[in-house]
Each structure stands twice: as C-alpha cells, then as structure tokens.
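Asks: Please find one structure pasted underneath; my questions will follow.
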Amino acid sequence: MGRESVSPDDAVVAGRRAAMATLADARASEIACGLAALGNHIAHVELRPVETGLVMLQGRIGSDGAAFNLGEATVTRAAVSIPSGEVGFSYVLGRDRDKARLAALCDALWQNPAWREPVERHVLAPIKARLEGERARQRAQTAATRVDFFTLVRGEN
C-alpha cells in the first residue's frame, strides 16, 4: 500500500486550522501584543459588526447514541478583510469582542503568504510556548500524585 500524498491545499487548511486552535486558547492581550510587533496599525475592514449570541450544544451518549440538546453557550463572532483580499473569521466562546476581532485579523493575515511567517513567529509562537509551559506544569503536578500499585504474590507456606 502506498502513502497518500498531502496536497498543498490540504497542508494550508491544516495549518490554518492549527493556527485558529492556538488562537482559541489565547488571551486577547497576547494576540494584541503579537500583532503590535507586526506594526502599529494593520489595515482591515470589519465585514460585519462583532456579534455575540448563543449556540445550542448537543451531546451524544456513546458514539452511536441519539443526539440531545445539552444547553447553550455564548459565542462571539467576527469577520474582517485585509486590503490584499483575504477574509478572516473567528468564533470564540464567551463575550470577548476584542479577542474575536483580533483572532479574525490573524486568520486573514495568516492566509496571506507574505504575512504567514510573521504571524507564526510574533503571534502564534509565544502563545504556543505559554500553552506548552502550562501543559508541562500540569503534567508535572499530575505525575507528583501518581500512585503505583503492585501485587505481592504469596507463597503456599
């Protein structure tokens, strides 16, 4: 069996997805600091006002159970366009309008090949470093509470 090749478009989609996953775990201030390193004002147009609304969350018992409505979550969405034509979108949990707008701007910039590397270096890399540090601390705390169980084999006498 041969290996399936990954098209350049698939790699771009996967990279964009990874960038947005990083931005989802970011703080608005981190995104703003990273974008400030790219320049004082990055021209962009809001395609629609930033909006906050509700989405219905669905749950499922097991992988084949019937879906049921679990509850609602607050989500804020933004859509921006940059002069080169790329359009960025973001949906963030909660009511953080600045984070939604900044994440959408990062999405638009990341899609432009000229901006991709600076966004990765100045915006995403510091966020990834913080997240990995937090995960490492969490792993260390969890490992400190680990208990190794063992069984003693008793002899006949």
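We label chains A, B, ... in the order they appear in the structure tokens, count residues from 1 in each chain, and number ligands from 1 in the order shown.
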Please list as a list of chain:residue names every residue within 7 Å of Met56 (chain A), counting only C-alpha atoms and excluding residues in the same chain fewer than 4 positions away.
Replies: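 Within the cut-off, the hits are A:Asn69, A:Gly71, A:Glu72, A:Ala73.
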Asks: Just asking: which residues within region 2-157 of chain A are strand (DSSP E or B) according to DSSP, as an mmCIF file with all heavy atoms, in the first residue's frame?
Replies:
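Listed below is the output, part.cif:
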```
data_model
loop_
_atom_site.group_PDB
_atom_site.id
_atom_site.type_symbol
_atom_site.label_atom_id
_atom_site.label_comp_id
_atom_site.auth_asym_id
_atom_site.auth_seq_id
_atom_site.Cartn_x
_atom_site.Cartn_y
_atom_site.Cartn_z
ATOM 1 N N VAL A 45 -10.860 45.832 7.380
ATOM 2 C CA VAL A 45 -12.237 46.299 7.393
ATOM 3 C C VAL A 45 -13.088 45.230 8.048
ATOM 4 O O VAL A 45 -12.971 44.048 7.707
ATOM 5 C CB VAL A 45 -12.744 46.556 5.947
ATOM 6 C CG1 VAL A 45 -14.211 46.930 5.944
ATOM 7 C CG2 VAL A 45 -11.901 47.615 5.275
ATOM 8 N N GLU A 46 -13.942 45.637 8.975
ATOM 9 C CA GLU A 46 -14.882 44.686 9.561
ATOM 10 C C GLU A 46 -16.009 44.468 8.563
ATOM 11 O O GLU A 46 -16.676 45.410 8.155
ATOM 12 C CB GLU A 46 -15.443 45.219 10.884
ATOM 13 C CG GLU A 46 -14.444 45.200 11.996
ATOM 14 C CD GLU A 46 -15.069 45.569 13.337
ATOM 15 O OE1 GLU A 46 -16.309 45.486 13.484
ATOM 16 O OE2 GLU A 46 -14.306 45.935 14.229
ATOM 17 N N LEU A 47 -16.199 43.229 8.153
ATOM 18 C CA LEU A 47 -17.243 42.928 7.174
ATOM 19 C C LEU A 47 -18.633 42.975 7.784
ATOM 20 O O LEU A 47 -19.611 43.223 7.093
ATOM 21 C CB LEU A 47 -16.991 41.557 6.554
ATOM 22 C CG LEU A 47 -15.684 41.445 5.770
ATOM 23 C CD1 LEU A 47 -15.506 40.034 5.236
ATOM 24 C CD2 LEU A 47 -15.662 42.458 4.635
ATOM 25 N N ARG A 48 -18.699 42.713 9.072
ATOM 26 C CA ARG A 48 -19.937 42.873 9.829
ATOM 27 C C ARG A 48 -19.527 43.210 11.251
ATOM 28 O O ARG A 48 -18.429 42.847 11.672
ATOM 29 C CB ARG A 48 -20.802 41.607 9.773
ATOM 30 C CG ARG A 48 -20.206 40.420 10.497
ATOM 31 C CD ARG A 48 -21.189 39.263 10.598
ATOM 32 N NE ARG A 48 -21.464 38.720 9.306
ATOM 33 C CZ ARG A 48 -21.249 37.474 8.944
ATOM 34 N NH1 ARG A 48 -20.756 36.618 9.812
ATOM 35 N NH2 ARG A 48 -21.530 37.053 7.750
ATOM 36 N N PRO A 49 -20.407 43.869 11.978
ATOM 37 C CA PRO A 49 -20.034 44.175 13.373
ATOM 38 C C PRO A 49 -19.809 42.893 14.172
ATOM 39 O O PRO A 49 -20.434 41.865 13.911
ATOM 40 C CB PRO A 49 -21.246 44.935 13.913
ATOM 41 C CG PRO A 49 -22.039 45.338 12.724
ATOM 42 C CD PRO A 49 -21.709 44.388 11.621
ATOM 43 N N VAL A 50 -18.913 42.964 15.139
ATOM 44 C CA VAL A 50 -18.687 41.820 16.013
ATOM 45 C C VAL A 50 -19.987 41.562 16.766
ATOM 46 O O VAL A 50 -20.605 42.492 17.293
ATOM 47 C CB VAL A 50 -17.532 42.103 16.998
ATOM 48 C CG1 VAL A 50 -17.331 40.941 17.938
ATOM 49 C CG2 VAL A 50 -16.254 42.406 16.232
ATOM 50 N N GLU A 51 -20.412 40.295 16.781
ATOM 51 C CA GLU A 51 -21.700 39.944 17.387
ATOM 52 C C GLU A 51 -21.522 38.850 18.424
ATOM 53 O O GLU A 51 -20.704 37.953 18.256
ATOM 54 C CB GLU A 51 -22.669 39.419 16.322
ATOM 55 C CG GLU A 51 -23.007 40.419 15.247
ATOM 56 C CD GLU A 51 -23.881 39.814 14.174
ATOM 57 O OE1 GLU A 51 -23.429 38.861 13.510
ATOM 58 O OE2 GLU A 51 -25.022 40.285 14.027
ATOM 59 N N THR A 52 -22.340 38.951 19.464
ATOM 60 C CA THR A 52 -22.377 37.915 20.489
ATOM 61 C C THR A 52 -23.757 37.280 20.458
ATOM 62 O O THR A 52 -24.763 37.975 20.356
ATOM 63 C CB THR A 52 -22.091 38.510 21.877
ATOM 64 O OG1 THR A 52 -20.788 39.094 21.862
ATOM 65 C CG2 THR A 52 -22.155 37.458 22.956
ATOM 66 N N GLY A 53 -23.786 35.973 20.524
ATOM 67 C CA GLY A 53 -25.054 35.255 20.502
ATOM 68 C C GLY A 53 -24.918 33.920 21.211
ATOM 69 O O GLY A 53 -23.939 33.658 21.906
ATOM 70 N N LEU A 54 -25.891 33.080 21.016
ATOM 71 C CA LEU A 54 -25.922 31.764 21.653
ATOM 72 C C LEU A 54 -25.890 30.670 20.610
ATOM 73 O O LEU A 54 -26.437 30.834 19.515
ATOM 74 C CB LEU A 54 -27.198 31.605 22.490
ATOM 75 C CG LEU A 54 -27.352 32.544 23.677
ATOM 76 C CD1 LEU A 54 -28.742 32.389 24.284
ATOM 77 C CD2 LEU A 54 -26.299 32.257 24.723
ATOM 78 N N VAL A 55 -25.261 29.578 20.942
ATOM 79 C CA VAL A 55 -25.306 28.381 20.114
ATOM 80 C C VAL A 55 -25.813 27.238 20.990
ATOM 81 O O VAL A 55 -25.577 27.214 22.200
ATOM 82 C CB VAL A 55 -23.933 28.008 19.504
ATOM 83 C CG1 VAL A 55 -23.468 29.058 18.517
ATOM 84 C CG2 VAL A 55 -22.893 27.786 20.567
ATOM 85 N N MET A 56 -26.517 26.320 20.384
ATOM 86 C CA MET A 56 -27.014 25.156 21.107
ATOM 87 C C MET A 56 -25.946 24.075 21.079
ATOM 88 O O MET A 56 -25.419 23.729 20.024
ATOM 89 C CB MET A 56 -28.299 24.630 20.458
ATOM 90 C CG MET A 56 -28.887 23.413 21.136
ATOM 91 S SD MET A 56 -29.327 23.633 22.861
ATOM 92 C CE MET A 56 -30.716 24.732 22.728
ATOM 93 N N LEU A 57 -25.637 23.557 22.241
ATOM 94 C CA LEU A 57 -24.677 22.464 22.341
ATOM 95 C C LEU A 57 -25.442 21.154 22.342
ATOM 96 O O LEU A 57 -26.450 21.023 23.038
ATOM 97 C CB LEU A 57 -23.869 22.576 23.631
ATOM 98 C CG LEU A 57 -23.084 23.861 23.825
ATOM 99 C CD1 LEU A 57 -22.415 23.859 25.189
ATOM 100 C CD2 LEU A 57 -22.059 24.036 22.730
ATOM 101 N N GLN A 58 -24.968 20.212 21.549
ATOM 102 C CA GLN A 58 -25.599 18.903 21.519
ATOM 103 C C GLN A 58 -24.656 17.868 22.099
ATOM 104 O O GLN A 58 -23.446 17.942 21.916
ATOM 105 C CB GLN A 58 -25.975 18.513 20.087
ATOM 106 C CG GLN A 58 -27.139 19.305 19.551
ATOM 107 C CD GLN A 58 -27.663 18.710 18.261
ATOM 108 O OE1 GLN A 58 -26.913 18.135 17.489
ATOM 109 N NE2 GLN A 58 -28.953 18.862 18.041
ATOM 110 N N GLY A 59 -25.232 16.923 22.797
ATOM 111 C CA GLY A 59 -24.462 15.825 23.353
ATOM 112 C C GLY A 59 -24.920 14.517 22.736
ATOM 113 O O GLY A 59 -25.937 14.453 22.044
ATOM 114 N N ARG A 60 -24.138 13.478 22.987
ATOM 115 C CA ARG A 60 -24.459 12.161 22.457
ATOM 116 C C ARG A 60 -23.871 11.142 23.429
ATOM 117 O O ARG A 60 -22.728 11.259 23.839
ATOM 118 C CB ARG A 60 -23.848 12.004 21.070
ATOM 119 C CG ARG A 60 -24.203 10.735 20.355
ATOM 120 C CD ARG A 60 -23.535 10.664 18.972
ATOM 121 N NE ARG A 60 -23.858 11.768 18.118
ATOM 122 C CZ ARG A 60 -24.881 11.786 17.250
ATOM 123 N NH1 ARG A 60 -25.676 10.753 17.167
ATOM 124 N NH2 ARG A 60 -25.102 12.823 16.487
ATOM 125 N N ALA A 67 -28.607 12.126 19.424
ATOM 126 C CA ALA A 67 -28.177 13.447 19.868
ATOM 127 C C ALA A 67 -29.265 14.072 20.737
ATOM 128 O O ALA A 67 -30.454 13.856 20.522
ATOM 129 C CB ALA A 67 -27.893 14.333 18.659
ATOM 130 N N PHE A 68 -28.821 14.831 21.746
ATOM 131 C CA PHE A 68 -29.774 15.552 22.594
ATOM 132 C C PHE A 68 -29.216 16.935 22.877
ATOM 133 O O PHE A 68 -28.006 17.157 22.835
ATOM 134 C CB PHE A 68 -30.035 14.794 23.903
ATOM 135 C CG PHE A 68 -28.808 14.573 24.736
ATOM 136 C CD1 PHE A 68 -28.457 15.479 25.734
ATOM 137 C CD2 PHE A 68 -27.993 13.475 24.531
ATOM 138 C CE1 PHE A 68 -27.323 15.287 26.498
ATOM 139 C CE2 PHE A 68 -26.857 13.270 25.298
ATOM 140 C CZ PHE A 68 -26.514 14.182 26.283
ATOM 141 N N ASN A 69 -30.107 17.889 23.117
ATOM 142 C CA ASN A 69 -29.678 19.254 23.405
ATOM 143 C C ASN A 69 -29.165 19.323 24.834
ATOM 144 O O ASN A 69 -29.878 19.009 25.781
ATOM 145 C CB ASN A 69 -30.828 20.237 23.199
ATOM 146 C CG ASN A 69 -31.199 20.384 21.744
ATOM 147 O OD1 ASN A 69 -30.388 20.123 20.864
ATOM 148 N ND2 ASN A 69 -32.415 20.792 21.476
ATOM 149 N N LEU A 70 -27.925 19.737 24.976
ATOM 150 C CA LEU A 70 -27.263 19.770 26.269
ATOM 151 C C LEU A 70 -27.435 21.125 26.946
ATOM 152 O O LEU A 70 -27.575 21.211 28.150
ATOM 153 C CB LEU A 70 -25.774 19.462 26.066
ATOM 154 C CG LEU A 70 -24.898 19.384 27.272
ATOM 155 C CD1 LEU A 70 -25.346 18.242 28.172
ATOM 156 C CD2 LEU A 70 -23.457 19.148 26.849
ATOM 157 N N GLY A 71 -27.423 22.176 26.169
ATOM 158 C CA GLY A 71 -27.548 23.529 26.713
ATOM 159 C C GLY A 71 -27.038 24.533 25.703
ATOM 160 O O GLY A 71 -26.748 24.200 24.560
ATOM 161 N N GLU A 72 -26.943 25.788 26.137
ATOM 162 C CA GLU A 72 -26.494 26.852 25.255
ATOM 163 C C GLU A 72 -25.153 27.401 25.730
ATOM 164 O O GLU A 72 -24.850 27.338 26.919
ATOM 165 C CB GLU A 72 -27.527 27.979 25.221
ATOM 166 C CG GLU A 72 -28.844 27.551 24.612
ATOM 167 C CD GLU A 72 -29.898 28.643 24.694
ATOM 168 O OE1 GLU A 72 -29.830 29.475 25.609
ATOM 169 O OE2 GLU A 72 -30.775 28.642 23.825
ATOM 170 N N ALA A 73 -24.383 27.925 24.795
ATOM 171 C CA ALA A 73 -23.114 28.571 25.113
ATOM 172 C C ALA A 73 -23.075 29.922 24.410
ATOM 173 O O ALA A 73 -23.559 30.071 23.285
ATOM 174 C CB ALA A 73 -21.933 27.715 24.651
ATOM 175 N N THR A 74 -22.476 30.902 25.065
ATOM 176 C CA THR A 74 -22.302 32.222 24.479
ATOM 177 C C THR A 74 -21.095 32.190 23.548
ATOM 178 O O THR A 74 -20.036 31.685 23.916
ATOM 179 C CB THR A 74 -22.081 33.271 25.579
ATOM 180 O OG1 THR A 74 -23.162 33.201 26.502
ATOM 181 C CG2 THR A 74 -22.002 34.664 25.005
ATOM 182 N N VAL A 75 -21.279 32.725 22.340
ATOM 183 C CA VAL A 75 -20.217 32.747 21.330
ATOM 184 C C VAL A 75 -20.175 34.142 20.708
ATOM 185 O O VAL A 75 -21.216 34.758 20.478
ATOM 186 C CB VAL A 75 -20.479 31.696 20.227
ATOM 187 C CG1 VAL A 75 -19.458 31.794 19.123
ATOM 188 C CG2 VAL A 75 -20.487 30.307 20.815
ATOM 189 N N THR A 76 -18.974 34.628 20.450
ATOM 190 C CA THR A 76 -18.793 35.912 19.780
ATOM 191 C C THR A 76 -18.100 35.652 18.451
ATOM 192 O O THR A 76 -17.135 34.900 18.392
ATOM 193 C CB THR A 76 -17.952 36.869 20.649
ATOM 194 O OG1 THR A 76 -18.599 37.006 21.912
ATOM 195 C CG2 THR A 76 -17.827 38.225 19.999
ATOM 196 N N ARG A 77 -18.631 36.272 17.391
ATOM 197 C CA ARG A 77 -18.053 36.044 16.064
ATOM 198 C C ARG A 77 -17.616 37.360 15.439
ATOM 199 O O ARG A 77 -18.152 38.420 15.743
ATOM 200 C CB ARG A 77 -19.035 35.334 15.148
ATOM 201 C CG ARG A 77 -20.179 36.189 14.683
ATOM 202 C CD ARG A 77 -21.065 35.444 13.726
ATOM 203 N NE ARG A 77 -22.160 36.309 13.284
ATOM 204 C CZ ARG A 77 -23.104 35.922 12.481
ATOM 205 N NH1 ARG A 77 -23.120 34.682 12.020
ATOM 206 N NH2 ARG A 77 -24.052 36.759 12.117
ATOM 207 N N ALA A 78 -16.611 37.241 14.558
ATOM 208 C CA ALA A 78 -16.093 38.402 13.847
ATOM 209 C C ALA A 78 -15.674 37.977 12.451
ATOM 210 O O ALA A 78 -15.301 36.822 12.220
ATOM 211 C CB ALA A 78 -14.900 38.995 14.587
ATOM 212 N N ALA A 79 -15.758 38.926 11.519
ATOM 213 C CA ALA A 79 -15.297 38.706 10.145
ATOM 214 C C ALA A 79 -14.630 39.990 9.671
ATOM 215 O O ALA A 79 -15.220 41.065 9.749
ATOM 216 C CB ALA A 79 -16.468 38.347 9.235
ATOM 217 N N VAL A 80 -13.376 39.871 9.214
ATOM 218 C CA VAL A 80 -12.631 41.029 8.734
ATOM 219 C C VAL A 80 -11.996 40.710 7.391
ATOM 220 O O VAL A 80 -11.801 39.543 7.038
ATOM 221 C CB VAL A 80 -11.537 41.486 9.740
ATOM 222 C CG1 VAL A 80 -12.127 41.829 11.089
ATOM 223 C CG2 VAL A 80 -10.450 40.454 9.872
ATOM 224 N N SER A 81 -11.670 41.769 6.674
ATOM 225 C CA SER A 81 -10.984 41.642 5.392
ATOM 226 C C SER A 81 -9.769 42.559 5.415
ATOM 227 O O SER A 81 -9.823 43.652 5.973
ATOM 228 C CB SER A 81 -11.930 42.048 4.258
ATOM 229 O OG SER A 81 -11.265 42.032 3.020
ATOM 230 N N VAL A 87 -10.056 37.114 3.730
ATOM 231 C CA VAL A 87 -11.113 37.320 4.715
ATOM 232 C C VAL A 87 -10.861 36.378 5.878
ATOM 233 O O VAL A 87 -10.666 35.175 5.684
ATOM 234 C CB VAL A 87 -12.504 37.057 4.099
ATOM 235 C CG1 VAL A 87 -13.599 37.184 5.150
ATOM 236 C CG2 VAL A 87 -12.765 38.010 2.937
ATOM 237 N N GLY A 88 -10.866 36.932 7.075
ATOM 238 C CA GLY A 88 -10.647 36.132 8.272
ATOM 239 C C GLY A 88 -11.908 36.052 9.108
ATOM 240 O O GLY A 88 -12.668 37.019 9.197
ATOM 241 N N PHE A 89 -12.134 34.895 9.695
ATOM 242 C CA PHE A 89 -13.309 34.656 10.527
ATOM 243 C C PHE A 89 -12.858 34.130 11.875
ATOM 244 O O PHE A 89 -11.843 33.445 11.972
ATOM 245 C CB PHE A 89 -14.218 33.596 9.896
ATOM 246 C CG PHE A 89 -14.738 33.969 8.553
ATOM 247 C CD1 PHE A 89 -14.088 33.536 7.407
ATOM 248 C CD2 PHE A 89 -15.874 34.744 8.422
ATOM 249 C CE1 PHE A 89 -14.561 33.872 6.158
ATOM 250 C CE2 PHE A 89 -16.352 35.087 7.171
ATOM 251 C CZ PHE A 89 -15.700 34.646 6.033
ATOM 252 N N SER A 90 -13.645 34.403 12.900
ATOM 253 C CA SER A 90 -13.397 33.760 14.187
ATOM 254 C C SER A 90 -14.697 33.633 14.950
ATOM 255 O O SER A 90 -15.590 34.473 14.833
ATOM 256 C CB SER A 90 -12.371 34.527 15.020
ATOM 257 O OG SER A 90 -12.942 35.709 15.527
ATOM 258 N N TYR A 91 -14.766 32.560 15.707
ATOM 259 C CA TYR A 91 -15.847 32.313 16.655
ATOM 260 C C TYR A 91 -15.157 31.951 17.958
ATOM 261 O O TYR A 91 -14.380 30.999 17.997
ATOM 262 C CB TYR A 91 -16.724 31.143 16.209
ATOM 263 C CG TYR A 91 -17.590 31.439 15.016
ATOM 264 C CD1 TYR A 91 -17.073 31.395 13.727
ATOM 265 C CD2 TYR A 91 -18.934 31.766 15.181
ATOM 266 C CE1 TYR A 91 -17.868 31.665 12.623
ATOM 267 C CE2 TYR A 91 -19.730 32.037 14.083
ATOM 268 C CZ TYR A 91 -19.202 31.985 12.806
ATOM 269 O OH TYR A 91 -19.987 32.261 11.727
ATOM 270 N N VAL A 92 -15.417 32.717 19.012
ATOM 271 C CA VAL A 92 -14.787 32.430 20.301
ATOM 272 C C VAL A 92 -15.868 32.240 21.354
ATOM 273 O O VAL A 92 -16.896 32.923 21.338
ATOM 274 C CB VAL A 92 -13.800 33.537 20.726
ATOM 275 C CG1 VAL A 92 -12.652 33.660 19.739
ATOM 276 C CG2 VAL A 92 -14.479 34.868 20.900
ATOM 277 N N LEU A 93 -15.617 31.309 22.268
ATOM 278 C CA LEU A 93 -16.540 31.118 23.378
ATOM 279 C C LEU A 93 -16.498 32.339 24.278
ATOM 280 O O LEU A 93 -15.426 32.886 24.538
ATOM 281 C CB LEU A 93 -16.171 29.875 24.184
ATOM 282 C CG LEU A 93 -16.553 28.538 23.564
ATOM 283 C CD1 LEU A 93 -15.981 27.395 24.388
ATOM 284 C CD2 LEU A 93 -18.061 28.401 23.452
#
```
Asks: Tell me, as a ChimeraX atom specification, which residues lie within 9 Å of region 103-113 of chain A, counting only C-alpha atoms; anything in the same chain fewer than 2 positions away does not count.
Replies: /A:12,16,19-20,23-24,28,31,35,42,44,77-82,84-92,98-101,115-120,123
Asks: Mind dumping the selected residues with N, CA, C and O atoms as a short mmCIF file (atom, residue, chain, number, x, y, z; two decimals), in the first residue's frame?
Replies:
```
data_model
loop_
_atom_site.label_atom_id
_atom_site.label_comp_id
_atom_site.auth_asym_id
_atom_site.auth_seq_id
_atom_site.Cartn_x
_atom_site.Cartn_y
_atom_site.Cartn_z
N VAL A 12 -2.25 23.74 3.78
CA VAL A 12 -2.66 25.10 4.15
C VAL A 12 -3.88 25.04 5.06
O VAL A 12 -3.94 25.74 6.08
N ARG A 16 -3.92 26.39 8.84
CA ARG A 16 -4.89 27.41 9.27
C ARG A 16 -5.69 26.89 10.44
O ARG A 16 -5.94 27.62 11.41
N ALA A 19 -3.54 27.09 13.49
CA ALA A 19 -3.40 28.48 13.94
C ALA A 19 -4.63 28.93 14.69
O ALA A 19 -4.53 29.56 15.76
N MET A 20 -5.81 28.60 14.19
CA MET A 20 -7.04 29.01 14.86
C MET A 20 -7.23 28.27 16.18
O MET A 20 -7.75 28.84 17.13
N LEU A 23 -5.15 30.19 18.60
CA LEU A 23 -5.79 31.46 18.94
C LEU A 23 -6.99 31.25 19.87
O LEU A 23 -7.30 32.10 20.69
N ALA A 24 -7.65 30.11 19.75
CA ALA A 24 -8.80 29.83 20.62
C ALA A 24 -8.37 29.75 22.08
O ALA A 24 -9.13 30.12 22.98
N ALA A 28 -6.73 37.72 24.69
CA ALA A 28 -6.80 38.86 23.77
C ALA A 28 -5.54 39.70 23.86
O ALA A 28 -5.01 40.17 22.84
N ILE A 31 -2.68 38.19 21.79
CA ILE A 31 -2.86 38.40 20.35
C ILE A 31 -2.53 39.84 20.00
O ILE A 31 -1.83 40.11 19.03
N LEU A 35 0.36 41.15 17.42
CA LEU A 35 0.03 41.97 16.25
C LEU A 35 0.74 43.32 16.32
O LEU A 35 1.13 43.86 15.28
N ILE A 42 -2.55 47.61 11.34
CA ILE A 42 -2.71 46.74 10.18
C ILE A 42 -4.08 47.05 9.60
O ILE A 42 -5.10 46.88 10.27
N HIS A 44 -7.50 46.92 8.00
CA HIS A 44 -8.52 45.89 7.83
C HIS A 44 -9.89 46.53 7.91
O HIS A 44 -10.04 47.64 8.43
N ARG A 77 -18.63 36.27 17.39
CA ARG A 77 -18.05 36.04 16.06
C ARG A 77 -17.62 37.36 15.44
O ARG A 77 -18.15 38.42 15.74
N ALA A 78 -16.61 37.24 14.56
CA ALA A 78 -16.09 38.40 13.85
C ALA A 78 -15.67 37.98 12.45
O ALA A 78 -15.30 36.82 12.22
N ALA A 79 -15.76 38.93 11.52
CA ALA A 79 -15.30 38.71 10.15
C ALA A 79 -14.63 39.99 9.67
O ALA A 79 -15.22 41.07 9.75
N VAL A 80 -13.38 39.87 9.21
CA VAL A 80 -12.63 41.03 8.73
C VAL A 80 -12.00 40.71 7.39
O VAL A 80 -11.80 39.54 7.04
N SER A 81 -11.67 41.77 6.67
CA SER A 81 -10.98 41.64 5.39
C SER A 81 -9.77 42.56 5.41
O SER A 81 -9.82 43.65 5.97
N ILE A 82 -8.67 42.09 4.80
CA ILE A 82 -7.48 42.92 4.68
C ILE A 82 -7.36 43.39 3.23
O ILE A 82 -7.99 42.80 2.33
N SER A 84 -5.38 43.01 0.82
CA SER A 84 -4.98 42.06 -0.22
C SER A 84 -6.10 41.09 -0.58
O SER A 84 -5.95 40.27 -1.48
N GLY A 85 -7.24 41.16 0.11
CA GLY A 85 -8.42 40.38 -0.26
C GLY A 85 -8.75 39.21 0.64
O GLY A 85 -9.85 38.66 0.55
N GLU A 86 -7.85 38.80 1.51
CA GLU A 86 -8.14 37.66 2.39
C GLU A 86 -9.18 38.07 3.43
O GLU A 86 -9.19 39.19 3.92
N VAL A 87 -10.06 37.11 3.73
CA VAL A 87 -11.11 37.32 4.72
C VAL A 87 -10.86 36.38 5.88
O VAL A 87 -10.67 35.17 5.68
N GLY A 88 -10.87 36.93 7.08
CA GLY A 88 -10.65 36.13 8.27
C GLY A 88 -11.91 36.05 9.11
O GLY A 88 -12.67 37.02 9.20
N PHE A 89 -12.13 34.90 9.69
CA PHE A 89 -13.31 34.66 10.53
C PHE A 89 -12.86 34.13 11.88
O PHE A 89 -11.84 33.44 11.97
N SER A 90 -13.64 34.40 12.90
CA SER A 90 -13.40 33.76 14.19
C SER A 90 -14.70 33.63 14.95
O SER A 90 -15.59 34.47 14.83
N TYR A 91 -14.77 32.56 15.71
CA TYR A 91 -15.85 32.31 16.66
C TYR A 91 -15.16 31.95 17.96
O TYR A 91 -14.38 31.00 18.00
N VAL A 92 -15.42 32.72 19.01
CA VAL A 92 -14.79 32.43 20.30
C VAL A 92 -15.87 32.24 21.35
O VAL A 92 -16.90 32.92 21.34
N ASP A 98 -12.97 41.86 21.63
CA ASP A 98 -11.62 42.17 21.15
C ASP A 98 -10.91 40.91 20.68
O ASP A 98 -10.26 40.90 19.64
N LYS A 99 -11.04 39.84 21.46
CA LYS A 99 -10.39 38.58 21.08
C LYS A 99 -10.94 38.08 19.75
O LYS A 99 -10.19 37.63 18.89
N ALA A 100 -12.25 38.16 19.57
CA ALA A 100 -12.86 37.70 18.31
C ALA A 100 -12.34 38.52 17.13
O ALA A 100 -11.97 37.95 16.09
N ARG A 101 -12.28 39.83 17.29
CA ARG A 101 -11.81 40.70 16.20
C ARG A 101 -10.33 40.44 15.90
O ARG A 101 -9.93 40.31 14.74
N TRP A 115 2.37 37.36 4.97
CA TRP A 115 2.16 37.61 6.40
C TRP A 115 2.26 36.34 7.24
O TRP A 115 2.38 36.42 8.47
N ARG A 116 2.19 35.18 6.64
CA ARG A 116 2.09 33.93 7.39
C ARG A 116 3.25 33.73 8.37
O ARG A 116 3.02 33.45 9.55
N GLU A 117 4.47 33.86 7.91
CA GLU A 117 5.63 33.62 8.78
C GLU A 117 5.70 34.65 9.92
O GLU A 117 5.92 34.27 11.08
N PRO A 118 5.48 35.96 9.65
CA PRO A 118 5.48 36.91 10.78
C PRO A 118 4.38 36.62 11.81
O PRO A 118 4.61 36.76 13.01
N VAL A 119 3.20 36.21 11.35
CA VAL A 119 2.13 35.88 12.29
C VAL A 119 2.52 34.66 13.10
O VAL A 119 2.33 34.63 14.33
N GLU A 120 3.10 33.66 12.45
CA GLU A 120 3.54 32.46 13.17
C GLU A 120 4.58 32.82 14.22
O GLU A 120 4.52 32.33 15.35
N VAL A 123 2.99 36.15 16.76
CA VAL A 123 1.70 35.96 17.44
C VAL A 123 1.56 34.54 17.97
O VAL A 123 1.36 34.34 19.17
#
```
Asks: DSSP on the backbone, then: every residue of region 1-96 of chain A marked helix (DSSP H, G or I), written as a VMD selection string.
Replies: chain A and resid 8 to 24 28 to 38
